[in-house]
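Novice: What follows is model12.pdb, made up of PDB, C-alpha atoms, pLDDT in the B column:
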```pdb
ATOM      1  CA  MET G   1       0.631 -34.122   5.843  1.00 62.00           C
ATOM      2  CA  SER G   2      -0.325 -31.173   3.601  1.00 80.00           C
ATOM      3  CA  LYS G   3       0.952 -27.695   4.353  1.00 87.00           C
ATOM      4  CA  PRO G   4      -1.494 -25.970   6.701  1.00 93.00           C
ATOM      5  CA  ASN G   5      -2.972 -22.576   5.970  1.00 94.00           C
ATOM      6  CA  TYR G   6      -1.978 -19.649   8.181  1.00 95.00           C
ATOM      7  CA  GLN G   7      -4.754 -20.081  10.732  1.00 96.00           C
ATOM      8  CA  GLU G   8      -4.161 -23.828  11.073  1.00 96.00           C
ATOM      9  CA  ALA G   9      -0.421 -23.294  11.538  1.00 96.00           C
ATOM     10  CA  PHE G  10      -0.982 -20.507  14.050  1.00 96.00           C
ATOM     11  CA  ASP G  11      -3.508 -22.571  16.026  1.00 97.00           C
ATOM     12  CA  GLU G  12      -1.170 -25.578  16.132  1.00 96.00           C
ATOM     13  CA  LEU G  13       1.700 -23.349  17.211  1.00 96.00           C
ATOM     14  CA  GLN G  14      -0.426 -21.918  20.023  1.00 97.00           C
ATOM     15  CA  GLN G  15      -1.303 -25.449  21.114  1.00 96.00           C
ATOM     16  CA  ILE G  16       2.379 -26.417  21.259  1.00 95.00           C
ATOM     17  CA  VAL G  17       3.218 -23.299  23.271  1.00 94.00           C
ATOM     18  CA  SER G  18       0.356 -24.014  25.681  1.00 94.00           C
ATOM     19  CA  GLU G  19       1.551 -27.596  26.136  1.00 92.00           C
ATOM     20  CA  MET G  20       5.109 -26.406  26.787  1.00 91.00           C
ATOM     21  CA  GLU G  21       3.998 -23.713  29.237  1.00 92.00           C
ATOM     22  CA  GLY G  22       1.758 -26.195  31.028  1.00 91.00           C
ATOM     23  CA  GLY G  23       4.520 -28.747  31.347  1.00 89.00           C
ATOM     24  CA  GLN G  24       2.470 -31.266  29.369  1.00 85.00           C
ATOM     25  CA  ILE G  25       5.336 -32.259  27.059  1.00 88.00           C
ATOM     26  CA  THR G  26       7.726 -34.998  28.048  1.00 90.00           C
ATOM     27  CA  VAL G  27      11.448 -34.623  27.479  1.00 88.00           C
ATOM     28  CA  ASP G  28      11.174 -37.223  24.713  1.00 88.00           C
ATOM     29  CA  GLU G  29       8.540 -35.149  22.869  1.00 93.00           C
ATOM     30  CA  LEU G  30      10.258 -31.816  23.430  1.00 92.00           C
ATOM     31  CA  SER G  31      12.669 -31.876  20.471  1.00 93.00           C
ATOM     32  CA  LYS G  32       9.906 -33.014  18.100  1.00 95.00           C
ATOM     33  CA  LYS G  33       7.578 -30.243  19.333  1.00 94.00           C
ATOM     34  CA  VAL G  34      10.287 -27.587  19.059  1.00 95.00           C
ATOM     35  CA  ALA G  35      11.103 -28.740  15.512  1.00 96.00           C
ATOM     36  CA  ARG G  36       7.410 -28.660  14.602  1.00 96.00           C
ATOM     37  CA  ALA G  37       7.039 -25.207  16.176  1.00 96.00           C
ATOM     38  CA  ALA G  38       9.962 -23.934  14.092  1.00 97.00           C
ATOM     39  CA  GLN G  39       8.309 -25.382  10.987  1.00 96.00           C
ATOM     40  CA  LEU G  40       5.005 -23.693  11.837  1.00 97.00           C
ATOM     41  CA  ILE G  41       6.730 -20.365  12.467  1.00 97.00           C
ATOM     42  CA  ARG G  42       8.335 -20.551   9.004  1.00 97.00           C
ATOM     43  CA  ILE G  43       4.930 -21.324   7.456  1.00 96.00           C
ATOM     44  CA  CYS G  44       3.266 -18.396   9.250  1.00 96.00           C
ATOM     45  CA  ASN G  45       6.118 -16.051   8.368  1.00 97.00           C
ATOM     46  CA  SER G  46       5.979 -17.097   4.707  1.00 96.00           C
ATOM     47  CA  LYS G  47       2.229 -16.612   4.520  1.00 96.00           C
ATOM     48  CA  LEU G  48       2.423 -13.203   6.222  1.00 96.00           C
ATOM     49  CA  THR G  49       5.193 -12.076   3.867  1.00 96.00           C
ATOM     50  CA  GLN G  50       3.166 -13.197   0.852  1.00 96.00           C
ATOM     51  CA  ALA G  51       0.062 -11.430   2.144  1.00 95.00           C
ATOM     52  CA  GLU G  52       2.075  -8.245   2.727  1.00 96.00           C
ATOM     53  CA  GLN G  53       3.439  -8.374  -0.836  1.00 96.00           C
ATOM     54  CA  ASN G  54      -0.061  -8.910  -2.234  1.00 95.00           C
ATOM     55  CA  VAL G  55      -1.435  -5.974  -0.254  1.00 95.00           C
ATOM     56  CA  GLN G  56       1.460  -3.763  -1.384  1.00 94.00           C
ATOM     57  CA  GLU G  57       0.831  -4.696  -5.031  1.00 94.00           C
ATOM     58  CA  ILE G  58      -2.841  -3.808  -4.638  1.00 93.00           C
ATOM     59  CA  LEU G  59      -1.984  -0.477  -3.001  1.00 92.00           C
ATOM     60  CA  ASP G  60       0.546   0.283  -5.756  1.00 91.00           C
ATOM     61  CA  THR G  61      -2.107  -0.449  -8.384  1.00 91.00           C
ATOM     62  CA  ILE G  62      -4.578   1.834  -6.619  1.00 88.00           C
ATOM     63  CA  ASP G  63      -1.958   4.597  -6.400  1.00 85.00           C
ATOM     64  CA  LYS G  64      -1.205   4.303 -10.132  1.00 85.00           C
ATOM     65  CA  GLN G  65      -4.905   4.450 -10.977  1.00 84.00           C
ATOM     66  CA  GLU G  66      -5.408   7.493  -8.749  1.00 79.00           C
ATOM     67  CA  ILE G  67      -2.524   9.277 -10.427  1.00 79.00           C
ATOM     68  CA  MET G  68      -3.986   8.552 -13.848  1.00 79.00           C
ATOM     69  CA  ASP G  69      -7.502   9.568 -12.751  1.00 78.00           C
ATOM     70  CA  GLU G  70      -6.361  12.592 -10.764  1.00 70.00           C
ATOM     71  CA  PRO G  71      -7.684  15.956 -11.939  1.00 68.00           C
ATOM     72  CA  GLU G  72      -5.118  18.591 -12.675  1.00 60.00           C
ATOM     73  CA  THR G  73      -3.129  19.737  -9.690  1.00 54.00           C
ATOM     74  CA  SER G  74      -3.442  23.167  -8.161  1.00 53.00           C
ATOM     75  CA  GLU G  75      -0.116  24.114  -9.788  1.00 56.00           C
ATOM     76  CA  GLU G  76      -1.535  23.266 -13.185  1.00 56.00           C
ATOM     77  CA  SER G  77      -4.685  25.240 -12.350  1.00 54.00           C
ATOM     78  CA  GLU G  78      -2.605  28.222 -11.269  1.00 60.00           C
ATOM     79  CA  SER G  79      -0.590  28.077 -14.490  1.00 68.00           C
ATOM     80  CA  GLU G  80      -3.785  27.967 -16.511  1.00 71.00           C
ATOM     81  CA  GLU G  81      -5.194  30.859 -14.506  1.00 73.00           C
ATOM     82  CA  GLU G  82      -1.996  32.836 -15.069  1.00 77.00           C
ATOM     83  CA  ASN G  83      -2.197  32.147 -18.801  1.00 74.00           C
ATOM     84  CA  ASN G  84      -5.829  33.279 -18.879  1.00 74.00           C
ATOM     85  CA  GLU G  85      -4.973  36.434 -16.952  1.00 80.00           C
ATOM     86  CA  ARG G  86      -2.078  37.172 -19.294  1.00 76.00           C
ATOM     87  CA  GLU G  87      -4.346  36.706 -22.318  1.00 77.00           C
ATOM     88  CA  ASN G  88      -6.965  38.990 -20.775  1.00 74.00           C
ATOM     89  CA  ASN G  89      -4.337  41.658 -20.103  1.00 73.00           C
ATOM     90  CA  GLU G  90      -3.078  41.354 -23.673  1.00 73.00           C
ATOM     91  CA  ASN G  91      -6.630  41.692 -24.984  1.00 69.00           C
ATOM     92  CA  ILE G  92      -7.202  44.756 -22.807  1.00 70.00           C
ATOM     93  CA  GLN G  93      -3.958  46.302 -23.992  1.00 68.00           C
ATOM     94  CA  MET G  94      -4.864  45.602 -27.605  1.00 66.00           C
ATOM     95  CA  GLY G  95      -8.254  47.202 -27.034  1.00 62.00           C
ATOM     96  CA  GLU G  96      -6.575  50.286 -25.559  1.00 55.00           C
ATOM     97  CA  GLU G  97      -4.175  50.448 -28.497  1.00 53.00           C
ATOM     98  CA  ASP G  98      -7.152  50.294 -30.866  1.00 54.00           C
ATOM     99  CA  GLU G  99      -8.786  53.171 -28.965  1.00 52.00           C
ATOM    100  CA  PHE G 100      -5.661  55.280 -29.248  1.00 50.00           C
ATOM    101  CA  ALA G 101      -5.336  54.439 -32.917  1.00 51.00           C
ATOM    102  CA  ASP G 102      -8.888  55.698 -33.518  1.00 51.00           C
ATOM    103  CA  GLU G 103      -8.105  59.089 -31.905  1.00 50.00           C
TER     104      GLU G 103
END
```
For the file at hand, write its structure as structure tokens.
Specialist:
Amino acid sequence: MSKPNYQEAFDELQQIVSEMEGGQITVDELSKKVARAAQLIRICNSKLTQAEQNVQEILDTIDKQEIMDEPETSEESESEEENNERENNENIQMGEEDEFADE
């Protein structure tokens, strides 16, 4: 039998649980059903873990792209604004010095 996908494994597991809860399993079948249920749980767990890793990789890729595409931060903007203000003040001071030099 080929390895079932997640949904098939989950559905089969639910069926086994229903049979056990309903008392539909004989004592002779019980150990086989429990073994199969354990197998199905491992399959579901494996598939969920793989899906979680895939999602995390996608999110990490998105985060990296956002960081690369991100416009400058407010700190960088503030630093640029401070530099511009400093340059303006220097220009004003130079202009004042020129005025005094002319007098």
Novice: Within 9 Å of (3.8, -23.9, 11.0) in the file's own coordinates, which protein, DNA or RNA residues have an atom, counting only C-alpha atoms? List them as a PyMOL selection string.
Specialist: chain G and resi 3-6+8-13+36-45
Novice: Mind giving me the straight-line distance from atom CA of Glu52 of chain G to atom CA of Glu70 of chain G in Å, one decimal?
Specialist: 26.2 Å
Novice: So how many Å separate atom CA of Gln7 of chain G and atom CA of Met20 of chain G, to one decimal?
Specialist: 19.9 Å
Novice: Atom CA of Glu21 of chain G to atom CA of Thr49 of chain G: how many Å, to one decimal?
Specialist: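 Interatomic distance here is 27.9 Å.
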Novice: Between G:Asn84, G:Lys33, G:Leu48, G:Asp60, single out the one closest to Ser18 of chain G, counting only C-alpha atoms.
Specialist: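 So, comparing all the options, the nearest one is G:Lys33.
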